[in-house]
Amino acid sequence: MAKRYQVIIIGGGPVGVGLAVNLGLRGISVALVERRVGLSNIPKGQNLSPRTLEHFYFWGCVDQLRAERLMPRPYPISGITAYGSLMSDYVPAKKRGQYFGWRNRAVGTVTVASIVASGLLLNVFHQRYYSAGFWMIFSLAAAARYCSGYFISRMDEPPHRKDPANDFTFIMFLRRFRESNFLRFVVFSGCLTFATYLAAPFFAVFMLRDLQLSYVTYMALQVCASLAALVALPLWGKHADLVGNVRVLRLSSFLAALIPSFWLFSQNPAYLMLVQLVSGFAWSGVTLSAGNFIYDAVTPQKRVRCIAYFNVINGIALFFGSSFGGYLASRLPPLFGYPLLGLFAFSCFCRLAFYLLLSRTFREVRAAPQVSIHELFFSVVGIRPLVGPARD
Ligand SMILES: Cc1cc2nc3c(=O)[nH]c(=O)nc-3n(C[C@H](O)[C@H](O)[C@H](O)COP(=O)(O)OP(=O)(O)OC[C@H]3O[C@@H](n4cnc5c(N)ncnc54)[C@H](O)[C@@H]3O)c2cc1C
């Protein structure tokens with residue numbers, strides 16, 4: 001007689017297998033039907049979230065799973081948050097702008113170089129030894145990660161004293177809008193992220209689908225933004241150390257707010273390269289000064305929590321901005337013949353509106369000379385320097 005099951009599950013992915021295990025643990029008989037006969041060639045579970053680990057915990061196999069991991073033991077989850085917090089403990093406040101400007105430039109240079117190098121490597125190997133190209137890239141990437149893991153493991157963590165007064169929930173954090181300078185900065189940053197991501201995912205679509213640019217031109221436009229950022233980062237860093245992060249943030253976010261409007265005037269690739277240079281210049285200032293402002297504005301004991309809340313709010317803003325942008329993309333009337341230009345104009349309007357409403361709601365926390373935004377602009381672009389040999 002054919003065997004009978006209480007439940008039949010079609011599909012043996014994580015959801016199907018997880019469900020089968022859970023039902024089996026409850027004494028329910030299950031048949032799992034999977035069309036694949038072997039494992040997928042693409043790894044799809046490199047990072048496991050705490051929620052996923054909860055399942056392994058209840059199935060009683062979390063220790064075996066941890067024992068199988070490939071990453072070295074001290075490798076941090078949420079590495080960016082932990083790394084940012086650690087470095088802000090290490091680097092004195094007065095040198096953060098310069099240090100992070102230099103560091104981001106170094107990382108950016110290596111990133112651009114590794115993208116170009118891996119592209120060239122695949123190009124060379126792709127005709128005859130396709131997998132050898134990937135093998136080389138992955139081996140180099142693994143070696144580089146182990147090198148950085150080694151250096152991070154040699155860093156000492158400055159001692160921290162646990163103080164219950166520094167523990168606060170996300171809701172408690174949000175309730176302090178009136179008195180918290182840092183929260184007002186987070187709201188500004190979240191709103192700017194929302195307005196930015198209304199349009200941000202669609203620049204690539206506009207270039208490739210609407211303007212029909214070739215991949216080479218598209219790549220050249222991307223590289224322009226990255227190169228401008230590499231040149232600008234140390235300049236922003238030096239100025240942030242001198243005049244404070246808030247002034248740099250106000251200038252750079254104003255420039256970043258204007259960028260979508262530049263796309264309306266012309267779609268000539270040479271002109272767009274210029275726009276991308278301005279974009280890389282402006283956004284490198286926003287990223288650097290916003291990151292450094294967090295380190296200035298919150299005490300070391302609260303820093304990790306505040307960076308995490310900042311990332312949560314910006315992540316939510318990014319999600320809603322992109323989703324709303326996607327909704328509007330096919331509904332706004334075309335501008336100069338392109339529907340997406342209407343979206344860029346709307347994003348620019350929102351960015352400027354949030355800038356005008358919120359950029360003055362938070363203040364600088366370090367003592368810094370009063371410099372107007374245009375004085376700062378002329379100094380950063382090298383016309384009338386406030387820092388450097390010309391000034392000394
Ligand atoms: C490149 C990549 C990297 C990822 N990295 C991570 C990561 O690091 N961490 C993480 O948590 N998540 C990661 N994910 C996401 C994760 O893989 C998915 O969320 C997860 O696989 C979804 O599980 P699922 O069971 O819903 O679907 P699937 O994994 O798609 O499984 C569905 C299964 O059903 C089978 N099937 C379909 N139709 C039939 C049929 N008619 N008959 C029989 N069988 C059928 C399919 O063959 C497949 O095996 C990644 C995804 C991708 C693509």
# chains A, B, ... in the order shown; residues from 1 in each chain; ligands from 1
>>> residues_near_ligand(ligand="ligand 1", cutoff="7 Å", atoms="only C-alpha atoms and all ligand atoms", output="JSON, numbers by chain")
{"A": [10, 11, 12, 13, 14, 15, 16, 33, 34, 35, 36, 42, 43, 44, 45, 46, 47, 48, 49]}
>>> residues_around(residues="segment 252-254 of chain A", least_positions_apart="6", cutoff="10 Å", atoms="only C-alpha atoms", output="VMD selection string")
chain A and resid 189 192 236 246 279 281 to 290 351 to 352 355 to 356 359 373 377
>>> closest_residue(among="A:Val186, A:Ala270, A:Ala368, A:Leu255", to="Leu174 of chain A", atoms="only C-alpha atoms")
A:Val186
>>> atom_distance(atom1="atom CA of Pro234 of chain A", atom2="atom CA of Tyr271 of chain A")
25.4 Å
>>> residues_around(residues="Trp59 of chain A", least_positions_apart="2", cutoff="9 Å", atoms="only C-alpha atoms", output="CSV table (one decimal) with N, CA and C atoms, in the first residue's frame")
chain,number,residue,atom,x,y,z
A,21,VAL,N,11.1,20.3,9.0
A,21,VAL,CA,11.7,20.0,10.3
A,21,VAL,C,10.8,20.3,11.4
A,22,ASN,N,10.2,21.5,11.3
A,22,ASN,CA,9.3,21.9,12.4
A,22,ASN,C,8.1,21.0,12.6
A,25,LEU,N,9.3,17.7,14.0
A,25,LEU,CA,9.5,17.7,15.5
A,25,LEU,C,8.2,17.7,16.3
A,54,GLU,N,17.7,31.5,15.4
A,54,GLU,CA,16.7,31.0,16.4
A,54,GLU,C,16.2,29.7,16.0
A,55,HIS,N,15.9,29.5,14.7
A,55,HIS,CA,15.4,28.2,14.2
A,55,HIS,C,16.4,27.1,14.5
A,56,PHE,N,17.7,27.3,14.2
A,56,PHE,CA,18.7,26.3,14.5
A,56,PHE,C,18.8,26.0,16.0
A,57,TYR,N,18.6,27.1,16.8
A,57,TYR,CA,18.6,26.9,18.2
A,57,TYR,C,17.5,26.0,18.7
A,61,CYS,N,20.7,22.4,16.8
A,61,CYS,CA,21.9,22.2,16.1
A,61,CYS,C,22.8,23.4,15.9
A,62,VAL,N,22.5,24.4,16.8
A,62,VAL,CA,23.2,25.7,16.6
A,62,VAL,C,24.7,25.5,16.9
>>> closest_residue(among="A:Leu258, A:Ala228, A:Leu32, A:Ala297", to="Val381 of chain A", atoms="only C-alpha atoms")
A:Ala228
>>> closest_residue(among="A:Ser29, A:Asp63, A:Ala367, A:Ser322", to="Leu198 of chain A", atoms="only C-alpha atoms")
A:Ser322
